[in-house]
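Pasting run.cif here (mmCIF, C-alpha atoms):
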data_protein
loop_
_atom_site.group_PDB
_atom_site.id
_atom_site.type_symbol
_atom_site.label_atom_id
_atom_site.label_comp_id
_atom_site.auth_asym_id
_atom_site.auth_seq_id
_atom_site.Cartn_x
_atom_site.Cartn_y
_atom_site.Cartn_z
ATOM 1 C CA MET T 1 111.344 37.432 93.317
ATOM 2 C CA SER T 2 109.405 40.010 95.386
ATOM 3 C CA LYS T 3 106.593 41.891 93.709
ATOM 4 C CA PHE T 4 107.267 44.922 95.894
ATOM 5 C CA GLY T 5 109.986 47.548 95.910
ATOM 6 C CA ARG T 6 110.697 50.857 97.610
ATOM 7 C CA ILE T 7 110.571 54.300 96.031
ATOM 8 C CA ASP T 8 113.735 56.302 96.480
ATOM 9 C CA THR T 9 112.594 59.582 98.034
ATOM 10 C CA LYS T 10 115.534 61.319 96.368
ATOM 11 C CA GLU T 11 113.828 60.619 93.048
ATOM 12 C CA THR T 12 110.540 62.223 94.165
ATOM 13 C CA SER T 13 109.835 65.923 93.584
ATOM 14 C CA PHE T 14 107.076 68.250 94.789
ATOM 15 C CA GLU T 15 106.108 71.454 92.990
ATOM 16 C CA GLU T 16 103.550 74.201 93.497
ATOM 17 C CA HIS T 17 101.696 75.659 90.521
ATOM 18 C CA LYS T 18 99.098 78.372 90.141
ATOM 19 C CA LEU T 19 95.997 78.696 88.020
ATOM 20 C CA TYR T 20 94.331 82.032 87.362
ATOM 21 C CA LYS T 21 90.594 82.334 86.887
ATOM 22 C CA ASN T 22 88.815 85.411 85.545
ATOM 23 C CA GLN T 23 86.323 86.758 88.063
ATOM 24 C CA THR T 24 83.634 89.385 87.532
ATOM 25 C CA ILE T 25 81.544 90.559 90.448
ATOM 26 C CA THR T 26 79.060 93.407 90.637
ATOM 27 C CA SER T 27 77.236 95.528 93.175
ATOM 28 C CA ALA T 28 74.541 92.808 93.084
ATOM 29 C CA SER T 29 76.893 89.884 93.831
ATOM 30 C CA ASN T 30 76.380 87.949 97.051
ATOM 31 C CA GLY T 31 78.896 88.345 99.828
ATOM 32 C CA VAL T 32 80.650 91.488 98.589
ATOM 33 C CA ASN T 33 80.478 94.217 101.203
ATOM 34 C CA VAL T 34 81.067 97.906 100.517
ATOM 35 C CA VAL T 35 81.416 100.213 103.496
ATOM 36 C CA TYR T 36 81.641 104.000 103.606
ATOM 37 C CA ALA T 37 83.731 104.436 106.740
ATOM 38 C CA ILE T 38 84.071 107.589 108.829
ATOM 39 C CA LYS T 39 86.663 108.405 111.461
ATOM 40 C CA ASP T 40 85.470 108.667 115.087
ATOM 41 C CA ASP T 41 81.861 107.912 114.174
ATOM 42 C CA TYR T 42 80.248 106.948 117.493
ATOM 43 C CA GLU T 43 76.785 105.809 118.511
ATOM 44 C CA ASP T 44 77.523 106.973 122.039
ATOM 45 C CA GLN T 45 80.068 109.766 122.160
ATOM 46 C CA MET T 46 80.514 109.568 125.923
ATOM 47 C CA ALA T 47 81.022 105.788 126.014
ATOM 48 C CA LYS T 48 83.014 105.847 122.749
ATOM 49 C CA VAL T 49 80.861 103.126 121.212
ATOM 50 C CA PRO T 50 81.556 103.254 117.459
ATOM 51 C CA THR T 51 79.013 102.772 114.712
ATOM 52 C CA ASP T 52 79.594 100.157 112.017
ATOM 53 C CA SER T 53 81.114 102.912 109.906
ATOM 54 C CA GLY T 54 83.447 103.967 112.720
ATOM 55 C CA SER T 55 84.422 100.353 113.447
ATOM 56 C CA HIS T 56 85.434 99.734 109.837
ATOM 57 C CA TRP T 57 87.478 102.959 109.745
ATOM 58 C CA ALA T 58 89.291 101.949 112.935
ATOM 59 C CA PHE T 59 89.900 98.417 111.639
ATOM 60 C CA VAL T 60 91.446 99.569 108.362
ATOM 61 C CA HIS T 61 93.394 102.299 110.118
ATOM 62 C CA ASN T 62 94.985 99.914 112.615
ATOM 63 C CA MET T 63 95.567 97.069 110.170
ATOM 64 C CA PHE T 64 96.924 98.932 107.154
ATOM 65 C CA TYR T 65 97.441 102.657 107.600
ATOM 66 C CA ARG T 66 99.197 103.441 110.842
ATOM 67 C CA SER T 67 102.138 104.882 108.910
ATOM 68 C CA GLY T 68 100.094 107.319 106.815
ATOM 69 C CA SER T 69 97.525 108.291 109.396
ATOM 70 C CA SER T 70 97.119 111.852 110.602
ATOM 71 C CA LYS T 71 95.900 110.358 113.872
ATOM 72 C CA VAL T 72 99.362 108.918 114.527
ATOM 73 C CA LEU T 73 100.984 112.230 113.598
ATOM 74 C CA GLU T 74 98.728 114.087 116.024
ATOM 75 C CA SER T 75 99.267 111.672 118.912
ATOM 76 C CA ASN T 76 102.928 110.723 118.599
ATOM 77 C CA SER T 77 105.091 111.634 115.638
ATOM 78 C CA ASP T 78 107.749 109.162 116.826
ATOM 79 C CA GLU T 79 105.395 106.320 115.956
ATOM 80 C CA VAL T 80 105.497 107.144 112.246
ATOM 81 C CA GLY T 81 108.927 105.657 111.718
ATOM 82 C CA LYS T 82 107.948 102.425 113.422
ATOM 83 C CA PHE T 83 104.774 101.930 111.415
ATOM 84 C CA ASN T 84 106.539 102.820 108.170
ATOM 85 C CA SER T 85 108.509 99.604 108.551
ATOM 86 C CA ILE T 86 107.931 97.007 105.827
ATOM 87 C CA TYR T 87 106.913 94.612 108.604
ATOM 88 C CA HIS T 88 103.735 96.637 109.136
ATOM 89 C CA GLN T 89 102.654 96.398 105.505
ATOM 90 C CA PHE T 90 100.541 93.573 104.186
ATOM 91 C CA ASN T 91 101.740 93.786 100.591
ATOM 92 C CA THR T 92 105.042 92.536 99.205
ATOM 93 C CA HIS T 93 107.845 95.036 99.667
ATOM 94 C CA HIS T 94 109.755 96.017 96.554
ATOM 95 C CA ASP T 95 112.276 98.881 96.528
ATOM 96 C CA LEU T 96 111.722 99.636 92.848
ATOM 97 C CA LYS T 97 107.913 99.390 93.056
ATOM 98 C CA PRO T 98 106.855 101.296 96.155
ATOM 99 C CA PHE T 99 103.591 100.619 97.954
ATOM 100 C CA TYR T 100 102.132 103.950 99.082
ATOM 101 C CA THR T 101 100.152 104.476 102.276
ATOM 102 C CA ASN T 102 100.631 108.214 102.742
ATOM 103 C CA LYS T 103 96.976 109.007 102.023
ATOM 104 C CA PHE T 104 94.503 108.159 104.756
ATOM 105 C CA TYR T 105 91.829 110.611 105.823
ATOM 106 C CA ASP T 106 88.585 110.855 107.758
ATOM 107 C CA ASN T 107 86.420 109.274 105.035
ATOM 108 C CA ILE T 108 87.197 106.121 103.067
ATOM 109 C CA SER T 109 85.398 103.477 101.006
ATOM 110 C CA ILE T 110 86.200 99.822 101.655
ATOM 111 C CA PHE T 111 85.440 96.861 99.384
ATOM 112 C CA TYR T 112 85.558 93.461 101.074
ATOM 113 C CA ILE T 113 85.794 90.600 98.554
ATOM 114 C CA PRO T 114 85.060 87.080 99.913
ATOM 115 C CA GLN T 115 87.633 84.324 99.571
ATOM 116 C CA GLN T 116 85.222 82.333 97.404
ATOM 117 C CA TYR T 117 86.042 84.851 94.660
ATOM 118 C CA ILE T 118 89.748 85.530 95.248
ATOM 119 C CA GLY T 119 90.914 81.958 95.938
ATOM 120 C CA ASP T 120 94.409 82.110 97.410
ATOM 121 C CA ARG T 121 94.817 85.787 96.484
ATOM 122 C CA ILE T 122 94.043 88.328 93.773
ATOM 123 C CA LYS T 123 96.629 88.261 91.024
ATOM 124 C CA SER T 124 98.550 91.516 91.105
ATOM 125 C CA GLY T 125 98.011 93.738 88.072
ATOM 126 C CA SER T 126 94.653 92.163 87.190
ATOM 127 C CA PHE T 127 92.263 94.289 89.260
ATOM 128 C CA GLN T 128 89.847 96.770 87.700
ATOM 129 C CA LEU T 129 86.905 98.538 89.313
ATOM 130 C CA VAL T 130 84.369 100.366 87.140
ATOM 131 C CA ALA T 131 81.716 102.566 88.763
ATOM 132 C CA ARG T 132 78.701 103.993 86.950
ATOM 133 C CA THR T 133 76.163 106.672 87.675
ATOM 134 C CA GLY T 134 72.424 106.415 87.086
ATOM 135 C CA SER T 135 72.158 102.681 86.385
ATOM 136 C CA ILE T 136 74.249 99.564 85.967
ATOM 137 C CA SER T 137 73.889 99.769 82.179
ATOM 138 C CA ASN T 138 74.891 103.426 81.842
ATOM 139 C CA LEU T 139 78.217 103.552 80.012
ATOM 140 C CA SER T 140 78.367 107.293 79.358
ATOM 141 C CA ASP T 141 80.022 108.339 82.597
ATOM 142 C CA GLN T 142 82.309 105.735 84.134
ATOM 143 C CA ILE T 143 85.050 105.876 86.733
ATOM 144 C CA ILE T 144 87.738 103.310 85.911
ATOM 145 C CA ILE T 145 90.160 102.288 88.636
ATOM 146 C CA ARG T 146 93.037 99.831 88.203
ATOM 147 C CA ASP T 147 95.919 98.490 90.255
ATOM 148 C CA ASP T 148 99.538 99.040 89.279
ATOM 149 C CA GLY T 149 100.681 95.539 90.206
ATOM 150 C CA ASN T 150 102.129 96.642 93.534
ATOM 151 C CA GLY T 151 98.982 97.397 95.508
ATOM 152 C CA ASN T 152 98.393 101.018 94.473
ATOM 153 C CA LEU T 153 95.077 101.986 92.866
ATOM 154 C CA TYR T 154 94.779 104.704 90.252
ATOM 155 C CA SER T 155 92.256 106.006 87.738
ATOM 156 C CA ASN T 156 93.276 105.996 84.098
ATOM 157 C CA ASN T 157 90.377 108.204 82.995
ATOM 158 C CA ALA T 158 90.343 110.817 85.768
ATOM 159 C CA GLU T 159 89.430 114.344 84.756
ATOM 160 C CA HIS T 160 91.536 115.753 87.582
ATOM 161 C CA SER T 161 94.873 114.606 89.056
ATOM 162 C CA GLN T 162 97.109 115.821 91.859
ATOM 163 C CA SER T 163 100.208 115.977 89.676
ATOM 164 C CA ALA T 164 100.369 116.091 85.900
ATOM 165 C CA ASP T 165 104.142 115.657 86.001
ATOM 166 C CA THR T 166 104.140 112.177 87.564
ATOM 167 C CA SER T 167 102.657 108.816 86.614
ATOM 168 C CA LEU T 168 99.015 107.943 87.253
ATOM 169 C CA SER T 169 99.969 105.610 90.109
ATOM 170 C CA SER T 170 102.597 107.889 91.653
ATOM 171 C CA LYS T 171 102.717 108.881 95.295
ATOM 172 C CA ASP T 172 100.803 112.040 94.373
ATOM 173 C CA ASN T 173 98.183 110.535 92.085
ATOM 174 C CA TYR T 174 97.346 107.137 93.545
ATOM 175 C CA ILE T 175 93.841 106.998 95.052
ATOM 176 C CA GLY T 176 93.897 103.942 97.315
ATOM 177 C CA ASN T 177 95.241 100.460 97.812
ATOM 178 C CA ILE T 178 94.383 96.852 97.254
ATOM 179 C CA PHE T 179 95.559 94.080 99.561
ATOM 180 C CA TYR T 180 95.799 91.084 97.265
ATOM 181 C CA ASP T 181 96.086 88.388 99.920
ATOM 182 C CA LEU T 182 93.094 89.610 101.908
ATOM 183 C CA GLY T 183 90.698 90.666 99.153
ATOM 184 C CA VAL T 184 90.359 94.203 100.522
ATOM 185 C CA ALA T 185 90.358 97.327 98.328
ATOM 186 C CA VAL T 186 90.370 100.741 100.001
ATOM 187 C CA LEU T 187 89.704 104.075 98.303
ATOM 188 C CA THR T 188 91.432 106.733 100.396
ATOM 189 C CA GLU T 189 91.712 109.746 98.081
ATOM 190 C CA THR T 190 89.205 112.420 99.109
ATOM 191 C CA ALA T 191 89.960 114.584 96.097
ATOM 192 C CA SER T 192 87.580 114.743 93.172
ATOM 193 C CA TRP T 193 87.596 112.495 90.117
ATOM 194 C CA SER T 194 85.760 114.992 87.933
ATOM 195 C CA GLY T 195 85.155 118.087 89.999
ATOM 196 C CA SER T 196 81.812 116.859 91.327
ATOM 197 C CA VAL T 197 82.434 113.189 92.099
ATOM 198 C CA ASN T 198 84.795 112.036 94.844
ATOM 199 C CA TYR T 199 86.492 108.648 94.798
ATOM 200 C CA VAL T 200 85.288 107.711 98.281
ATOM 201 C CA ASP T 201 81.684 108.152 97.072
ATOM 202 C CA ILE T 202 81.953 105.048 94.891
ATOM 203 C CA GLY T 203 79.582 102.411 96.191
ATOM 204 C CA LYS T 204 77.693 104.909 98.353
ATOM 205 C CA GLU T 205 74.045 105.654 97.656
ATOM 206 C CA THR T 206 73.180 109.336 97.990
ATOM 207 C CA THR T 207 69.835 110.492 99.322
ATOM 208 C CA ASP T 208 69.090 112.751 96.356
ATOM 209 C CA GLY T 209 70.291 110.246 93.745
ATOM 210 C CA LEU T 210 72.642 112.810 92.214
ATOM 211 C CA ASP T 211 76.179 111.752 91.384
ATOM 212 C CA ASP T 212 75.201 108.320 92.662
ATOM 213 C CA TYR T 213 77.932 105.771 91.885
ATOM 214 C CA ARG T 214 76.504 102.827 93.776
ATOM 215 C CA TYR T 215 76.515 100.707 90.590
ATOM 216 C CA TRP T 216 79.867 99.093 89.963
ATOM 217 C CA HIS T 217 81.571 95.946 88.792
ATOM 218 C CA MET T 218 85.085 94.664 89.263
ATOM 219 C CA ASP T 219 87.217 92.239 87.291
ATOM 220 C CA PHE T 220 90.302 90.415 88.500
ATOM 221 C CA ASN T 221 92.073 87.068 88.327
ATOM 222 C CA SER T 222 91.758 84.827 91.341
ATOM 223 C CA THR T 223 94.693 82.584 92.197
ATOM 224 C CA ILE T 224 94.098 78.863 92.665
ATOM 225 C CA PRO T 225 97.150 76.886 93.817
ATOM 226 C CA PHE T 226 97.632 73.231 93.008
ATOM 227 C CA TYR T 227 100.493 70.882 93.693
ATOM 228 C CA THR T 228 102.249 68.230 91.649
ATOM 229 C CA THR T 229 104.179 65.264 92.975
ATOM 230 C CA GLU T 230 106.427 63.490 90.477
ATOM 231 C CA TYR T 231 107.530 59.949 91.172
ATOM 232 C CA VAL T 232 110.535 58.444 89.375
ATOM 233 C CA ILE T 233 110.747 54.675 89.681
ATOM 234 C CA ILE T 234 113.822 52.793 88.506
ATOM 235 C CA ILE T 235 113.338 49.085 87.766
ATOM 236 C CA LYS T 236 116.716 47.426 87.657
ATOM 237 C CA SER T 237 117.450 44.928 84.887
ATOM 238 C CA GLY T 238 116.285 41.474 85.888
ATOM 239 C CA GLN T 239 114.064 42.848 88.637
ATOM 240 C CA PHE T 240 110.331 42.022 88.801
ATOM 241 C CA ASP T 241 110.722 39.116 86.373
ATOM 242 C CA THR T 242 107.680 37.283 87.715
ATOM 243 C CA THR T 243 103.950 37.760 87.233
ATOM 244 C CA MET T 244 100.817 38.041 89.352
ATOM 245 C CA ASN T 245 98.556 36.582 86.641
ATOM 246 C CA ASN T 246 96.743 33.479 87.943
ATOM 247 C CA SER T 247 96.733 31.851 84.516
ATOM 248 C CA SER T 248 100.527 31.574 84.626
ATOM 249 C CA VAL T 249 100.566 29.328 87.690
ATOM 250 C CA GLY T 250 100.643 25.551 87.223
ATOM 251 C CA SER T 251 98.577 22.869 88.959
ATOM 252 C CA GLY T 252 99.412 19.619 90.706
ATOM 253 C CA SER T 253 97.713 17.389 88.143
ATOM 254 C CA GLY T 254 99.667 18.617 85.128
ATOM 255 C CA TYR T 255 100.490 21.958 83.661
ATOM 256 C CA GLY T 256 98.470 21.317 80.548
ATOM 257 C CA ASP T 257 95.128 20.978 82.308
ATOM 258 C CA VAL T 258 92.405 23.206 80.966
ATOM 259 C CA VAL T 259 90.780 23.326 84.397
ATOM 260 C CA PRO T 260 93.575 23.361 86.990
ATOM 261 C CA SER T 261 93.175 21.459 90.222
ATOM 262 C CA VAL T 262 95.395 22.403 93.139
ATOM 263 C CA LYS T 263 97.669 25.369 92.356
ATOM 264 C CA THR T 264 101.366 24.927 93.022
ATOM 265 C CA ASN T 265 102.224 28.651 92.931
ATOM 266 C CA GLN T 266 104.950 27.776 90.450
ATOM 267 C CA LEU T 267 105.164 29.252 86.972
ATOM 268 C CA MET T 268 104.424 26.992 84.020
ATOM 269 C CA PRO T 269 107.606 25.627 82.370
ATOM 270 C CA MET T 270 107.063 27.720 79.255
ATOM 271 C CA LEU T 271 107.312 30.853 81.423
ATOM 272 C CA THR T 272 110.589 29.971 83.116
ATOM 273 C CA SER T 273 112.925 30.037 80.126
ATOM 274 C CA SER T 274 115.743 32.571 80.049
ATOM 275 C CA GLY T 275 114.177 34.470 77.153
ATOM 276 C CA TRP T 276 110.842 35.068 78.861
ATOM 277 C CA SER T 277 109.909 38.160 80.848
ATOM 278 C CA PRO T 278 106.498 39.524 81.811
ATOM 279 C CA TYR T 279 104.626 42.617 80.703
ATOM 280 C CA PHE T 280 102.939 45.055 83.080
ATOM 281 C CA ASN T 281 100.421 47.827 82.465
ATOM 282 C CA GLN T 282 100.152 49.529 85.859
ATOM 283 C CA LEU T 283 102.062 50.405 88.976
ATOM 284 C CA GLN T 284 100.468 50.292 92.387
ATOM 285 C CA LEU T 285 101.788 52.369 95.278
ATOM 286 C CA TYR T 286 101.220 51.060 98.801
ATOM 287 C CA ARG T 287 101.713 52.484 102.242
ATOM 288 C CA HIS T 288 102.039 48.894 103.444
ATOM 289 C CA ARG T 289 101.969 45.705 101.408
ATOM 290 C CA ASP T 290 99.073 44.316 103.480
ATOM 291 C CA GLU T 291 96.829 47.288 102.628
ATOM 292 C CA GLU T 292 94.914 48.315 99.535
ATOM 293 C CA PRO T 293 96.964 50.399 97.064
ATOM 294 C CA ALA T 294 96.960 54.108 97.834
ATOM 295 C CA LEU T 295 97.657 55.053 94.215
ATOM 296 C CA ILE T 296 97.384 53.209 90.904
ATOM 297 C CA ALA T 297 99.197 54.466 87.809
ATOM 298 C CA ASN T 298 97.867 52.996 84.545
ATOM 299 C CA PHE T 299 99.984 52.975 81.386
ATOM 300 C CA PRO T 300 98.616 53.576 77.880
ATOM 301 C CA ARG T 301 100.187 50.296 76.748
ATOM 302 C CA ALA T 302 101.863 47.281 78.316
ATOM 303 C CA VAL T 303 105.574 47.564 79.171
ATOM 304 C CA LYS T 304 107.922 44.579 78.950
ATOM 305 C CA THR T 305 110.546 44.042 81.616
ATOM 306 C CA THR T 306 114.037 43.138 80.501
ATOM 307 C CA SER T 307 117.207 41.666 81.914
ATOM 308 C CA GLU T 308 119.427 43.866 79.750
ATOM 309 C CA ILE T 309 118.686 47.464 80.751
ATOM 310 C CA ASP T 310 117.095 49.378 83.591
ATOM 311 C CA LEU T 311 113.607 50.815 83.124
ATOM 312 C CA ILE T 312 112.951 54.377 84.274
ATOM 313 C CA ILE T 313 109.277 55.248 84.770
ATOM 314 C CA SER T 314 108.061 58.660 85.897
ATOM 315 C CA PHE T 315 104.521 59.911 86.483
ATOM 316 C CA ARG T 316 102.924 62.926 88.070
ATOM 317 C CA MET T 317 99.983 63.392 90.367
ATOM 318 C CA ASP T 318 98.139 66.710 90.777
ATOM 319 C CA HIS T 319 96.499 67.393 94.096
#
As a first step, turn the structure in this file into structure tokens.
Amino acid sequence: MSKFGRIDTKETSFEEHKLYKNQTITSASNGVNVVYAIKDDYEDQMAKVPTDSGSHWAFVHNMFYRSGSSKVLESNSDEVGKFNSIYHQFNTHHDLKPFYTNKFYDNISIFYIPQQYIGDRIKSGSFQLVARTGSISNLSDQIIIRDDGNGNLYSNNAEHSQSADTSLSSKDNYIGNIFYDLGVAVLTETASWSGSVNYVDIGKETTDGLDDYRYWHMDFNSTIPFYTTEYVIIIKSGQFDTTMNNSSVGSGSGYGDVVPSVKTNQLMPMLTSSGWSPYFNQLQLYRHRDEEPALIANFPRAVKTTSEIDLIISFRMDH
């Protein structure tokens, strides 16, 4: 009887799972880049060579905010409808949970979060940005910004709002956006948080040190995908009723020898009766029978084969 069999691919399943890891990064963390970006900021006005600030404004404008940009309205109002299409938005479209991009002005603050922190993406609804004035340990005057689960940022402790009659993350009150898949958060609201502090000033160091909100930290859940393959192996009754154990093979000079001579590759008589069947404690998966096993599944205890019923064995592999 062959010691090998084939796995029925119909009995194999593949699933994707997600793990979420709490992440906390601060203004002192490596790799996080905060940019105060300004529209049409050029090093050479004649040659139209933008500064770093102007380059970042143009990048965010073209990638994310063509639909809400005053620049599009000024140049060609017909373009607005095209760029308002859901195909020009990087976040998931949901009719009941709108993603707003109607606010985009000449000054913005951009937070670039490296992939080493976000994993596959930032989990929606888990993002919080807290900015402080004076020092990183000052808790007396904090700006707290959160996401609404659909890519809109809002402040839940703002002293001023655009509309008291709508929700904090409404089209009137939202203050920016977060792009979960890319790890980019953009503060676009130029209005004031408290009357003296503007949202786009977060992360920017002022020359006089007043209303300086360059100290901040953010918390979110990164998404780490992993995959599970489940194998279901059916051993038919009476199948695999032999053994690979060398001690079960007889010798040419008598099966009772303590030290066998020439092996016959035949089972000892005591192992050939109708009531005998072997035990096994692992399964080995091969790409080809002449190769080393690609996967070995070990069982917690030995399993006895039988000629009466089929055995169904399933195991999973995470990768």
Applying 10 Å and only C-alpha atoms, which residues near Ile7 in chain T remain after dropping the ones on its own chain fewer than 3 positions away? List them as a list in words.
Phe4, Lys10, Glu11, Thr12, Tyr231, Val232, Ile233, Ile234 and Leu285 of chain T
Would you please work out which residue, of T:Ile145, T:Pro293, T:Asn221, T:Lys3, is nearest to Gln239 in chain T when using only C-alpha atoms?
T:Lys3
Nearest residue to Ser27 in chain T from the set T:Arg214, T:Gly119, T:Ser109, T:Glu308 (distances using all atoms listed in the file):
T:Arg214
Expressed in Å to a single decimal, how great is the separation between CA of Lys97 in chain T and CA of Val197 in chain T?
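It comes out at 29.0 Å.
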Return as number ranges by chain the set of residues that the PyMOL selection byres ((chain T and resi 13) around 6) yields on the displayed structure.
T: 12, 14, 229-230
Have a look at T:Gly54, T:Gly176, T:Gly31, T:Gly183 and name the one nearest to Leu153 in chain T; count all atoms listed in the file.
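That would be T:Gly176, the residue with the smallest distance to Leu153 in chain T.
Remark: for Asn152 in chain T, the closest of the candidate residues T:Lys171, T:Arg287, T:His319, T:His217 is T:Lys171 (distances computed over all atoms listed in the file).
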Record the distance separating CA of Glu16 in chain T and CA of Met218 in chain T, expressed in Å with one decimal.
27.9 Å
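What separates CA of Glu189 in chain T from CA of Ser55 in chain T is a distance of 19.4 Å.
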Expand the PyMOL selection byres ((chain T and resi 180) around 9) into the individual residues it matches in the shown file, reporting them as number ranges by chain.
T: 90-91, 118, 121-124, 151, 178-179, 181-185
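Among the candidates T:Tyr100, T:Thr228, T:Asp141, T:Asn22, the one nearest to Ser170 in chain T when counting all atoms listed in the file is T:Tyr100.
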Could you add whatever atoms are missing so that range 21-33 of chain T carries N, CA and C atoms, then write the result as a PDB file, in the coordinates of the input?
ATOM      1  N   LYS T  21      91.960  82.385  87.401  1.00  0.00           N
ATOM      2  CA  LYS T  21      90.594  82.334  86.887  1.00  0.00           C
ATOM      3  C   LYS T  21      90.020  83.740  86.836  1.00  0.00           C
ATOM      4  N   ASN T  22      89.431  84.096  85.692  1.00  0.00           N
ATOM      5  CA  ASN T  22      88.815  85.411  85.545  1.00  0.00           C
ATOM      6  C   ASN T  22      87.561  85.498  86.408  1.00  0.00           C
ATOM      7  N   GLN T  23      87.478  86.549  87.200  1.00  0.00           N
ATOM      8  CA  GLN T  23      86.323  86.758  88.063  1.00  0.00           C
ATOM      9  C   GLN T  23      85.694  88.114  87.745  1.00  0.00           C
ATOM     10  N   THR T  24      84.379  88.140  87.697  1.00  0.00           N
ATOM     11  CA  THR T  24      83.634  89.385  87.532  1.00  0.00           C
ATOM     12  C   THR T  24      82.543  89.416  88.592  1.00  0.00           C
ATOM     13  N   ILE T  25      82.584  90.402  89.440  1.00  0.00           N
ATOM     14  CA  ILE T  25      81.544  90.559  90.448  1.00  0.00           C
ATOM     15  C   ILE T  25      80.989  91.968  90.360  1.00  0.00           C
ATOM     16  N   THR T  26      79.749  92.128  90.770  1.00  0.00           N
ATOM     17  CA  THR T  26      79.060  93.407  90.637  1.00  0.00           C
ATOM     18  C   THR T  26      78.490  93.841  91.980  1.00  0.00           C
ATOM     19  N   SER T  27      77.872  95.013  91.961  1.00  0.00           N
ATOM     20  CA  SER T  27      77.236  95.528  93.175  1.00  0.00           C
ATOM     21  C   SER T  27      76.074  94.653  93.609  1.00  0.00           C
ATOM     22  N   ALA T  28      75.632  93.715  92.736  1.00  0.00           N
ATOM     23  CA  ALA T  28      74.541  92.808  93.084  1.00  0.00           C
ATOM     24  C   ALA T  28      75.040  91.428  93.501  1.00  0.00           C
ATOM     25  N   SER T  29      76.346  91.197  93.488  1.00  0.00           N
ATOM     26  CA  SER T  29      76.893  89.884  93.831  1.00  0.00           C
ATOM     27  C   SER T  29      76.757  89.614  95.327  1.00  0.00           C
ATOM     28  N   ASN T  30      76.526  88.345  95.652  1.00  0.00           N
ATOM     29  CA  ASN T  30      76.380  87.949  97.051  1.00  0.00           C
ATOM     30  C   ASN T  30      77.734  87.966  97.761  1.00  0.00           C
ATOM     31  N   GLY T  31      77.709  88.429  98.981  1.00  0.00           N
ATOM     32  CA  GLY T  31      78.896  88.345  99.828  1.00  0.00           C
ATOM     33  C   GLY T  31      79.821  89.534  99.773  1.00  0.00           C
ATOM     34  N   VAL T  32      79.772  90.323  98.702  1.00  0.00           N
ATOM     35  CA  VAL T  32      80.650  91.488  98.589  1.00  0.00           C
ATOM     36  C   VAL T  32      80.090  92.618  99.443  1.00  0.00           C
ATOM     37  N   ASN T  33      80.924  93.178 100.275  1.00  0.00           N
ATOM     38  CA  ASN T  33      80.478  94.217 101.203  1.00  0.00           C
ATOM     39  C   ASN T  33      81.229  95.507 100.923  1.00  0.00           C
TER      40      ASN T  33
END
